[in-house]
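As provided, my_file_34.cif (mmCIF, C-alpha atoms and all ligand atoms) reads as follows.
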```
data_protein
loop_
_atom_site.label_atom_id
_atom_site.label_comp_id
_atom_site.auth_asym_id
_atom_site.auth_seq_id
_atom_site.Cartn_x
_atom_site.Cartn_y
_atom_site.Cartn_z
CA MET A 1 -21.40 12.44 32.53
CA ALA A 2 -22.49 16.11 32.68
CA ALA A 3 -22.00 16.41 28.89
CA GLN A 4 -24.96 14.13 28.22
CA TRP A 5 -27.30 16.90 29.39
CA GLU A 6 -26.00 19.41 26.85
CA PRO A 7 -28.88 18.95 24.33
CA TRP A 8 -31.45 19.58 27.10
CA GLN A 9 -29.50 22.58 28.39
CA THR A 10 -29.26 23.96 24.84
CA PHE A 11 -32.99 23.53 24.28
CA GLN A 12 -33.93 25.19 27.56
CA CYS A 13 -31.41 27.96 26.86
CA MET A 14 -33.11 28.73 23.52
CA ARG A 15 -36.47 28.86 25.30
CA MET A 16 -35.01 31.18 27.93
CA VAL A 17 -33.63 33.57 25.29
CA GLU A 18 -36.86 33.56 23.27
CA SER A 19 -38.91 34.38 26.38
CA LEU A 20 -36.43 37.03 27.46
CA MET A 21 -36.68 38.75 24.08
CA LYS A 22 -40.48 38.85 24.42
CA GLN A 23 -40.66 39.91 28.07
CA PRO A 24 -37.28 41.15 29.33
CA GLU A 25 -38.87 42.59 32.46
CA ARG A 26 -39.54 39.00 33.65
CA TYR A 27 -35.82 38.16 33.45
CA VAL A 28 -35.61 36.66 36.95
CA TYR A 29 -38.39 34.21 36.12
CA TRP A 30 -36.87 33.15 32.78
CA PHE A 31 -33.49 32.40 34.40
CA ASP A 32 -35.16 30.61 37.32
CA ARG A 33 -37.32 28.59 34.91
CA TYR A 34 -34.25 27.55 32.91
CA ALA A 35 -32.50 26.25 36.03
CA THR A 36 -35.64 24.52 37.34
CA LEU A 37 -36.47 22.68 34.12
CA VAL A 38 -32.85 21.58 33.58
CA SER A 39 -32.72 20.22 37.14
CA LEU A 40 -36.12 18.51 37.08
CA LYS A 41 -35.14 16.39 34.09
CA GLU A 42 -31.58 15.77 35.18
CA ILE A 43 -32.47 14.81 38.74
CA TYR A 44 -35.97 13.30 38.53
CA GLY A 45 -36.45 12.62 34.79
CA LYS A 46 -39.42 14.97 34.91
CA ILE A 47 -40.47 16.94 31.84
CA VAL A 48 -42.99 19.60 32.65
CA ASP A 49 -45.29 20.32 29.76
CA THR A 50 -47.59 23.21 30.59
CA PRO A 51 -46.68 26.83 31.35
CA GLU A 52 -48.74 26.58 34.57
CA ASP A 53 -46.76 23.57 35.79
CA GLU A 54 -43.50 25.25 34.79
CA GLU A 55 -44.44 28.23 36.89
CA TYR A 56 -45.61 26.05 39.78
CA HIS A 57 -42.29 24.17 39.98
CA THR A 58 -40.15 27.26 39.37
CA MET A 59 -41.88 29.10 42.21
CA ALA A 60 -41.94 26.02 44.45
CA ILE A 61 -38.18 25.37 44.38
CA SER A 62 -37.43 29.08 44.51
CA ASP A 63 -39.59 29.44 47.67
CA ARG A 64 -37.97 26.37 49.27
CA MET A 65 -34.50 27.74 48.55
CA HIS A 66 -35.28 31.24 49.77
CA ASN A 67 -36.43 29.68 53.04
CA ILE A 68 -33.25 27.63 53.32
CA GLU A 69 -31.09 30.64 52.48
CA ARG A 70 -32.89 32.67 55.13
CA LEU A 71 -32.72 29.95 57.75
CA GLY A 72 -29.24 28.80 56.76
CA THR A 73 -27.64 32.21 56.88
CA PRO A 74 -25.56 31.98 60.04
CA GLY A 75 -26.63 34.32 62.78
CA GLY A 76 -30.29 34.50 61.81
CA TYR A 77 -31.51 32.94 65.08
CA LEU A 78 -30.52 33.55 68.67
CA VAL A 79 -30.46 29.79 69.32
CA GLU A 80 -27.27 29.58 67.25
CA ILE A 81 -25.35 31.43 69.94
CA ILE A 82 -27.41 30.19 72.89
CA PRO A 83 -27.81 26.46 72.14
CA ALA A 84 -29.55 26.00 75.51
CA LEU A 85 -32.67 27.45 73.84
CA LEU A 86 -32.95 24.11 72.02
CA LYS A 87 -34.22 22.64 75.27
CA LEU A 88 -37.38 24.78 75.10
CA THR A 89 -40.55 23.01 74.03
CA ALA A 90 -42.13 23.95 70.70
CA TRP A 91 -44.82 26.26 72.15
CA MET A 92 -42.10 28.34 73.86
CA ALA A 93 -39.72 28.24 70.89
CA PRO A 94 -41.18 29.79 67.72
CA PHE A 95 -38.03 28.85 65.77
CA ARG A 96 -38.85 25.15 66.35
CA ARG A 97 -42.42 25.54 65.06
CA GLU A 98 -41.23 27.47 62.03
CA ALA A 99 -38.62 24.82 61.19
CA GLN A 100 -41.18 22.02 61.54
CA GLU A 101 -43.75 23.78 59.32
CA LEU A 102 -41.19 24.48 56.60
CA ARG A 103 -39.86 20.92 56.79
CA ASN A 104 -43.37 19.51 56.28
CA ILE A 105 -43.87 21.68 53.20
CA GLU A 106 -40.54 20.79 51.60
CA LEU A 107 -40.80 17.08 52.43
CA ALA A 108 -44.23 16.88 50.79
CA TYR A 109 -42.90 18.52 47.63
CA PHE A 110 -39.73 16.44 47.29
CA THR A 111 -41.44 13.17 48.24
CA LYS A 112 -44.00 13.74 45.48
CA LEU A 113 -41.24 14.27 42.93
CA ILE A 114 -39.50 11.03 43.81
CA GLY A 115 -42.84 9.20 43.96
CA GLU A 116 -43.58 10.30 40.39
CA ALA A 117 -40.09 9.16 39.31
CA LYS A 118 -40.90 5.74 40.79
CA GLN A 119 -44.21 5.60 38.95
CA ARG A 120 -42.51 6.39 35.62
CA TRP A 121 -39.95 3.63 36.31
CA ASN A 122 -42.70 1.12 37.18
CA SER A 123 -44.62 2.10 34.03
CA LYS A 124 -41.41 1.65 31.98
CA VAL A 125 -41.41 5.26 30.72
CA PRO A 126 -38.04 5.51 28.90
CA GLU A 127 -35.48 8.13 29.94
CA SER A 128 -32.53 9.30 27.92
CA PRO A 129 -30.14 9.95 29.56
CA ASP A 130 -31.06 8.34 32.87
CA SER A 131 -31.89 10.84 35.61
CA PHE A 132 -30.31 10.56 39.05
CA ALA A 133 -33.58 9.14 40.39
CA ARG A 134 -33.68 6.52 37.62
CA CYS A 135 -30.07 5.52 38.35
CA TRP A 136 -30.99 5.01 42.00
CA LEU A 137 -34.09 2.97 41.08
CA LYS A 138 -32.13 0.86 38.58
CA HIS A 139 -29.56 -0.01 41.22
CA ASP A 140 -32.36 -1.40 43.34
CA ASN A 141 -30.99 0.40 46.35
CA GLY A 142 -27.44 -0.73 45.59
CA TRP A 143 -26.42 2.73 46.81
CA GLU A 144 -27.67 1.75 50.27
CA LEU A 145 -29.80 4.85 50.51
CA GLU A 146 -33.27 4.47 51.96
CA LEU A 147 -36.15 6.60 50.70
CA PRO A 148 -35.75 9.48 53.20
CA ASP A 149 -32.01 9.65 52.42
CA ILE A 150 -32.36 9.65 48.64
CA THR A 151 -35.23 12.15 48.90
CA TYR A 152 -32.89 14.66 50.52
CA VAL A 153 -29.84 13.77 48.39
CA LEU A 154 -31.83 14.55 45.25
CA ALA A 155 -33.54 17.56 46.83
CA THR A 156 -30.15 19.05 47.72
CA LEU A 157 -29.03 18.75 44.12
CA TYR A 158 -32.31 20.22 42.86
CA GLY A 159 -32.14 23.10 45.32
CA GLY A 160 -28.39 23.67 44.91
CA GLY A 161 -28.81 24.07 41.17
CA SER A 162 -31.94 26.19 41.07
CA GLY A 163 -31.15 29.70 42.27
CA THR A 164 -27.38 29.75 41.89
CA THR A 165 -27.13 29.63 38.09
CA SER A 166 -29.99 32.11 37.79
CA ASN A 167 -28.31 34.52 40.23
CA ALA A 168 -25.10 34.48 38.18
CA MET A 169 -27.06 35.09 34.96
CA GLN A 170 -28.83 38.07 36.54
CA THR A 171 -25.42 39.52 37.33
CA PHE A 172 -24.35 38.82 33.74
CA VAL A 173 -27.25 40.91 32.36
CA MET A 174 -26.45 43.70 34.80
CA THR A 175 -22.78 43.59 33.79
CA MET A 176 -23.58 43.83 30.07
CA ALA A 177 -25.72 46.91 30.72
CA LEU A 178 -22.95 48.48 32.81
CA TYR A 179 -19.98 47.56 30.62
CA PRO A 180 -21.10 47.73 26.97
CA GLU A 181 -17.48 47.47 25.81
CA TRP A 182 -17.37 43.86 27.07
CA GLN A 183 -20.63 43.04 25.30
CA THR A 184 -19.13 44.35 22.05
CA LYS A 185 -16.01 42.22 22.56
CA LEU A 186 -18.13 39.15 23.29
CA GLN A 187 -20.14 39.71 20.14
CA GLU A 188 -16.97 40.17 18.07
CA GLU A 189 -15.67 36.84 19.36
CA LEU A 190 -18.98 35.07 18.72
CA ASP A 191 -19.35 36.55 15.23
CA SER A 192 -15.85 35.46 14.25
CA ILE A 193 -16.08 31.91 15.68
CA VAL A 194 -19.77 31.08 15.26
CA GLY A 195 -20.65 33.42 12.40
CA LEU A 196 -24.11 34.79 11.70
CA ASP A 197 -25.79 31.76 10.14
CA ARG A 198 -26.08 29.41 13.09
CA LEU A 199 -26.50 29.56 16.85
CA PRO A 200 -23.59 28.99 19.25
CA SER A 201 -23.19 25.41 20.46
CA PHE A 202 -21.18 23.48 23.02
CA ALA A 203 -18.78 22.44 20.24
CA ASP A 204 -17.62 26.07 19.99
CA LEU A 205 -16.52 26.32 23.61
CA PRO A 206 -12.79 25.57 23.21
CA GLN A 207 -12.56 28.60 20.93
CA LEU A 208 -14.89 30.90 22.87
CA ILE A 209 -12.25 32.01 25.31
CA LEU A 210 -13.83 35.36 26.11
CA VAL A 211 -17.21 33.73 26.82
CA ARG A 212 -15.45 31.45 29.33
CA ALA A 213 -13.48 34.35 30.80
CA VAL A 214 -16.67 36.39 31.25
CA ALA A 215 -18.39 33.47 33.03
CA LYS A 216 -15.45 33.15 35.41
CA GLU A 217 -15.15 36.88 36.00
CA ILE A 218 -18.88 37.16 36.79
CA LEU A 219 -18.42 34.56 39.54
CA ARG A 220 -15.26 36.25 40.83
CA TRP A 221 -16.60 39.80 40.74
CA ARG A 222 -20.00 39.00 42.31
CA PRO A 223 -19.70 35.49 43.81
CA VAL A 224 -23.07 33.81 44.26
CA VAL A 225 -22.06 32.54 47.71
CA PRO A 226 -19.78 35.36 48.86
CA GLY A 227 -19.51 34.24 52.47
CA SER A 228 -18.77 37.74 53.63
CA LYS A 229 -21.97 38.77 55.25
CA THR A 230 -21.17 39.75 58.77
CA ILE A 231 -23.85 39.70 61.38
CA THR A 232 -22.95 41.01 64.75
CA TYR A 233 -24.96 40.62 67.91
CA PHE A 234 -24.54 43.20 70.59
CA SER A 235 -25.64 42.76 74.13
CA ARG A 236 -25.06 44.79 77.26
CA PHE A 237 -21.80 42.80 77.57
CA GLY A 238 -20.58 44.05 74.19
CA MET A 239 -20.21 42.16 70.91
CA VAL A 240 -21.10 38.51 71.42
CA ALA A 241 -20.98 36.91 68.01
CA ASN A 242 -19.80 37.56 64.51
CA PHE A 243 -20.62 35.27 61.58
CA SER A 244 -20.09 34.86 57.90
CA ASP A 245 -21.62 32.32 55.54
CA LEU A 246 -21.22 28.63 54.59
CA PRO A 247 -19.20 27.16 57.39
CA HIS A 248 -17.07 24.01 57.19
CA ARG A 249 -16.06 22.14 60.35
CA LEU A 250 -12.57 20.83 61.08
CA THR A 251 -12.37 17.05 61.56
CA ILE A 252 -8.80 17.31 62.94
CA ASP A 253 -6.68 20.00 64.62
CA ASP A 254 -5.13 22.37 62.08
CA GLU A 255 -2.64 25.21 61.89
CA TYR A 256 -2.92 28.21 59.56
CA ASN A 257 -0.60 31.23 59.47
CA GLY A 258 0.32 30.67 63.09
CA TYR A 259 -3.30 30.22 64.20
CA HIS A 260 -4.11 26.97 65.92
CA MET A 261 -7.60 25.71 65.12
CA PRO A 262 -8.79 22.78 67.23
CA LYS A 263 -10.85 19.93 65.80
CA GLY A 264 -14.51 20.96 65.64
CA SER A 265 -13.78 24.63 64.79
CA PHE A 266 -15.99 26.28 62.20
CA VAL A 267 -14.13 27.75 59.24
CA HIS A 268 -15.80 30.15 56.82
CA GLY A 269 -14.47 30.47 53.28
CA ASN A 270 -14.86 34.17 52.57
CA GLN A 271 -15.10 34.26 48.78
CA TRP A 272 -15.61 38.02 48.70
CA ALA A 273 -12.21 38.52 50.32
CA ILE A 274 -10.48 35.70 48.42
CA HIS A 275 -11.70 37.12 45.11
CA ARG A 276 -10.24 40.50 46.00
CA ASP A 277 -6.84 39.22 47.08
CA GLY A 278 -4.49 41.75 45.50
CA GLY A 279 -1.75 39.17 44.79
CA LEU A 280 -4.00 36.99 42.67
CA TYR A 281 -6.57 39.52 41.48
CA PRO A 282 -4.98 42.96 41.13
CA ASP A 283 -7.56 45.75 40.85
CA GLY A 284 -10.10 43.26 42.17
CA LYS A 285 -12.98 45.74 42.33
CA THR A 286 -12.99 46.04 38.54
CA PHE A 287 -14.85 43.65 36.25
CA ASN A 288 -12.08 42.63 33.87
CA PRO A 289 -12.12 39.26 32.02
CA ASN A 290 -8.70 40.14 30.59
CA ARG A 291 -7.19 38.86 33.83
CA TYR A 292 -7.63 35.33 32.40
CA LEU A 293 -6.63 36.19 28.83
CA GLU A 294 -3.42 38.22 29.01
CA GLU A 295 -0.10 36.82 30.19
CA SER A 296 0.62 39.89 32.29
CA TRP A 297 -2.10 38.93 34.84
CA PRO A 298 -1.36 36.37 37.61
CA THR A 299 -4.49 34.35 36.76
CA TYR A 300 -3.53 33.75 33.10
CA LYS A 301 -3.04 30.04 32.39
CA GLU A 302 -2.25 27.90 29.34
CA PRO A 303 -3.61 26.08 27.34
CA ILE A 304 -6.15 28.71 26.39
CA GLU A 305 -8.49 26.12 24.75
CA ILE A 306 -9.11 24.83 28.28
CA HIS A 307 -8.38 27.85 30.48
CA PRO A 308 -10.12 29.98 31.57
CA ASN A 309 -12.57 27.57 33.10
CA ILE A 310 -14.40 27.43 36.37
CA LYS A 311 -13.36 23.94 37.46
CA ARG A 312 -12.13 23.93 41.06
CA PHE A 313 -12.65 27.70 41.20
CA SER A 314 -13.16 29.06 44.72
CA ALA A 315 -16.59 30.37 43.65
CA PHE A 316 -17.74 26.74 44.00
CA GLY A 317 -16.41 26.18 47.48
CA PHE A 318 -13.65 24.07 48.92
CA GLY A 319 -12.45 20.56 49.71
CA ARG A 320 -14.82 17.66 50.05
CA ARG A 321 -17.86 19.91 50.13
CA ILE A 322 -17.05 21.62 46.84
CA CYS A 323 -20.13 22.09 44.68
CA PRO A 324 -21.00 18.76 42.99
CA GLY A 325 -23.04 20.65 40.37
CA LEU A 326 -20.00 22.50 39.06
CA GLU A 327 -19.92 20.73 35.68
CA THR A 328 -23.61 21.38 35.07
CA ALA A 329 -23.27 24.98 36.23
CA ASP A 330 -20.25 25.51 33.96
CA ARG A 331 -22.19 24.36 30.92
CA SER A 332 -25.35 26.26 31.86
CA LEU A 333 -23.53 29.56 32.32
CA ILE A 334 -21.47 29.28 29.17
CA ILE A 335 -24.26 28.28 26.79
CA GLN A 336 -26.56 30.98 28.21
CA ILE A 337 -23.91 33.70 28.02
CA ALA A 338 -22.87 32.72 24.49
CA THR A 339 -26.45 32.50 23.20
CA LEU A 340 -27.62 35.70 24.87
CA ALA A 341 -24.66 37.72 23.63
CA TRP A 342 -24.98 36.24 20.11
CA THR A 343 -28.71 37.04 19.95
CA CYS A 344 -29.34 40.21 21.93
CA ASN A 345 -28.09 43.67 22.75
CA ILE A 346 -28.41 44.59 26.40
CA SER A 347 -28.11 48.20 27.51
CA LYS A 348 -29.17 50.67 30.16
CA LYS A 349 -32.77 51.82 29.90
CA LEU A 350 -34.04 55.31 29.28
CA GLY A 351 -36.69 56.45 31.74
CA PRO A 352 -39.88 58.31 30.71
CA ASP A 353 -37.98 61.58 31.27
CA GLY A 354 -35.37 60.55 28.69
CA GLN A 355 -32.71 60.10 31.37
CA VAL A 356 -30.67 56.90 31.69
CA VAL A 357 -31.97 54.71 34.56
CA LEU A 358 -28.97 54.07 36.78
CA ILE A 359 -28.00 50.59 37.96
CA ASP A 360 -26.30 50.18 41.33
CA ASP A 361 -23.85 47.29 40.93
CA MET A 362 -23.67 46.78 44.71
CA ASP A 363 -27.41 46.61 45.30
CA TYR A 364 -27.75 42.92 46.17
CA ALA A 365 -30.30 41.21 48.41
CA GLU A 366 -28.91 39.68 51.58
CA GLY A 367 -28.73 35.94 52.19
CA SER A 368 -26.26 33.11 51.82
CA ASN A 369 -26.84 33.25 48.03
CA VAL A 370 -26.77 36.83 46.89
CA ILE A 371 -29.03 38.09 44.10
CA PRO A 372 -28.99 41.50 42.44
CA LYS A 373 -32.09 43.41 43.52
CA PRO A 374 -34.44 44.05 40.55
CA PHE A 375 -32.95 46.48 38.05
CA GLN A 376 -34.09 47.93 34.73
CA PHE A 377 -32.41 47.39 31.39
CA GLU A 378 -33.15 47.33 27.66
CA LEU A 379 -32.89 44.06 25.73
CA LYS A 380 -33.38 43.84 21.97
CA PRO A 381 -32.59 41.19 19.34
CA ARG A 382 -29.41 42.05 17.45
CA SER A 383 -31.23 41.34 14.18
CA GLU A 384 -34.45 39.83 12.84
CA ASN A 385 -32.37 36.87 11.76
CA CYS A 386 -31.23 36.20 15.33
CA ALA A 387 -34.81 36.31 16.66
CA ARG A 388 -36.03 34.03 13.85
CA MET A 389 -33.29 31.47 14.44
CA ILE A 390 -34.07 31.30 18.16
CA SER A 391 -37.78 30.73 17.43
CA GLU A 392 -36.94 28.01 14.93
CA ALA A 393 -34.68 26.28 17.46
CA VAL A 394 -37.42 26.42 20.11
CA ASN A 395 -40.04 25.01 17.74
CA ALA A 396 -37.82 22.29 16.27
CA PRO A 397 -38.61 18.82 17.67
CA TYR A 398 -36.44 18.22 20.70
C1 LIG A 401 -23.27 29.21 39.26
C2 LIG A 401 -23.74 28.13 39.81
C3 LIG A 401 -23.33 27.56 41.14
C4 LIG A 401 -22.53 28.10 42.12
C5 LIG A 401 -21.80 29.44 42.11
C6 LIG A 401 -22.48 27.14 43.21
C7 LIG A 401 -21.74 27.33 44.37
C8 LIG A 401 -21.74 26.44 45.42
C9 LIG A 401 -20.99 26.63 46.65
C10 LIG A 401 -20.09 27.81 46.96
C11 LIG A 401 -21.25 25.58 47.45
C12 LIG A 401 -20.70 25.35 48.88
C13 LIG A 401 -19.41 24.55 48.80
C14 LIG A 401 -18.68 24.49 50.11
O1 LIG A 401 -19.33 24.31 51.16
O2 LIG A 401 -17.44 24.62 50.11
C15 LIG A 401 -22.16 24.70 46.75
C16 LIG A 401 -22.66 23.53 47.25
C17 LIG A 401 -23.53 22.72 46.57
N1 LIG A 401 -23.97 22.86 45.27
FE1 LIG A 401 -23.53 24.39 44.04
N2 LIG A 401 -23.24 26.06 42.87
C18 LIG A 401 -23.77 26.26 41.63
C19 LIG A 401 -24.57 25.39 40.90
C20 LIG A 401 -24.99 24.15 41.34
C21 LIG A 401 -25.73 23.20 40.56
C22 LIG A 401 -26.14 23.41 39.09
C23 LIG A 401 -25.99 22.13 41.37
C24 LIG A 401 -26.74 20.84 41.07
C25 LIG A 401 -26.86 20.31 39.87
C26 LIG A 401 -25.39 22.41 42.66
C27 LIG A 401 -25.44 21.57 43.75
C28 LIG A 401 -24.82 21.81 44.97
C29 LIG A 401 -24.94 20.94 46.13
C30 LIG A 401 -25.75 19.64 46.22
C31 LIG A 401 -24.12 21.50 47.13
C32 LIG A 401 -23.89 20.97 48.57
C33 LIG A 401 -22.63 20.15 48.59
C34 LIG A 401 -22.24 19.66 49.98
O3 LIG A 401 -22.59 20.33 50.97
O4 LIG A 401 -21.56 18.64 50.08
N3 LIG A 401 -24.78 23.64 42.60
N4 LIG A 401 -22.42 25.24 45.50
#
```

Could the structure of this file be written out as structure tokens, please?
Amino acid sequence: MAAQWEPWQTFQCMRMVESLMKQPERYVYWFDRYATLVSLKEIYGKIVDTPEDEEYHTMAISDRMHNIERLGTPGGYLVEIIPALLKLTAWMAPFRREAQELRNIELAYFTKLIGEAKQRWNSKVPESPDSFARCWLKHDNGWELELPDITYVLATLYGGGSGTTSNAMQTFVMTMALYPEWQTKLQEELDSIVGLDRLPSFADLPQLILVRAVAKEILRWRPVVPGSKTITYFSRFGMVANFSDLPHRLTIDDEYNGYHMPKGSFVHGNQWAIHRDGGLYPDGKTFNPNRYLEESWPTYKEPIEIHPNIKRFSAFGFGRRICPGLETADRSLIIQIATLAWTCNISKKLGPDGQVVLIDDMDYAEGSNVIPKPFQFELKPRSENCARMISEAVNAPY
């Protein structure tokens, strides 16, 4: 199912790389735009055709998600530890007014998107492949989801896919600037498998084992949803609460390592800690894709044409709530990493004083989804041929 979106992902990836080569300093926007345009077509069947509209939607979903990340980060509001505050009326409870205002904004945006999808369906605008919205419309509500339900089901997919992939790609760029030896190895792999006369494609993936290992290691080393932020409230009675991100709730009593957890308990998957578990990831602080490629590491797995991959990887969560966008994310990361490394050289930047501008690899913004704070780097096409081939791919009829 996810494979049917590969041509659209490839096309948007070429556009992302072309834009990045022209204006590397706008890297956050180009990665965000990629994720937004892939999602809009996949989820709503919407193709945005002006740069202004692209920017409008990219900023709109990014704003919505930043709000959700801020509000959804456990421990952000006192009401979470004093639920009695919920009884206050709106004029006494600013958190209620804020939630209502933000809900109105997001509902208006997502309702419009689904309304447009309905209009296209009624006007018989063809879609290939069918978007999620079109599938719902075609089933004539066979999914038993009413409009408010489907609006939020689709919005969750749109939102879930927008910042996450972009965040991981921002870390990828940072990593290439910090660890040039891995960029060289990536380029050696790409040159030997893909060659210099064509762009990488999804068909190459079984052989691009280092590209897949780098994607996985990026998500291990700097998980997008680390779940390790700890917020502690102090009061005159001492510490009263301590949270970390993305909670799950037990539906039955459970036992773990001698701890009894009653039904209803909140459990937080702490990816930051899991990804640094010494038994599975020795030397976990170090970015090292070899841990998936050499038999001596506990995470090595055969067959190498399939592993490393990021299916069922803890970076995508756990159990029934595991990320449903995993297949799309997998493809997006791998095609972007392969194409960027094939086309460009990324390095640290020299400042006006001729000194290298340092990058702090721990300087991430807080929130449930972590994003590297803006950093400076140099990005140049590897050759004129690479730049020309990207432009041709962007201008070829899609
Ligand atoms: C690198 C990219 C991505 C990462 C690292 C990521 C990670 C995650 C994580 C950790 C969760 C929480 C799972 C849990 O609670 O155990 C999640 C949930 C979710 N993700 Fe992703 N995700 C990515 C891309 C995507 C994409 C592309 C989509 C949509 C196409 C998507 C849609 C969702 C949705 C809808 C949920 C909520 C699932 C639920 O609560 O049942 N994600 N994701």

_Exercise: Leu102 (chain A) partners within 12 Å, all atoms listed in the file, chain neighbours under 6 positions left out, as JSON, numbers by chain_ = {"A": [63, 64, 65, 66, 67, 68, 70, 71, 95, 96, 108, 109]}

*If you count all atoms listed in the file, which residues end up within 6 Å of ligand LIG 401 (chain A), as a ChimeraX atom specification?*
/A:156-158,160-161,164-165,168,224-225,246,315-318,321-326,328-329

For region 171-189 of chain A, I'd like the enclosing box, axis-aligned and padded by 3 Å on every side, reported as lines of an AutoDock Vina configuration file with centre and edge lengths in Å to one decimal.
```
center_x = -21.5
center_y = 42.7
center_z = 27.7
size_x = 17.6
size_y = 17.6
size_z = 25.3
```

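In this structure, CA of Ile193 (chain A) sits 19.8 Å away from CA of Asp330 (chain A).
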
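CA of Arg212 (chain A) lies 6.1 Å from CA of Asn309 (chain A).
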
_With 10 Å as the threshold, what does the neighbourhood of (-36.3, 39.8, 34.4) contain in terms of residues, counting all atoms listed in the file? Coordinates are those of the file; answer as a PyMOL selection string._
chain A and resi 20+23-32+170+173+374-377
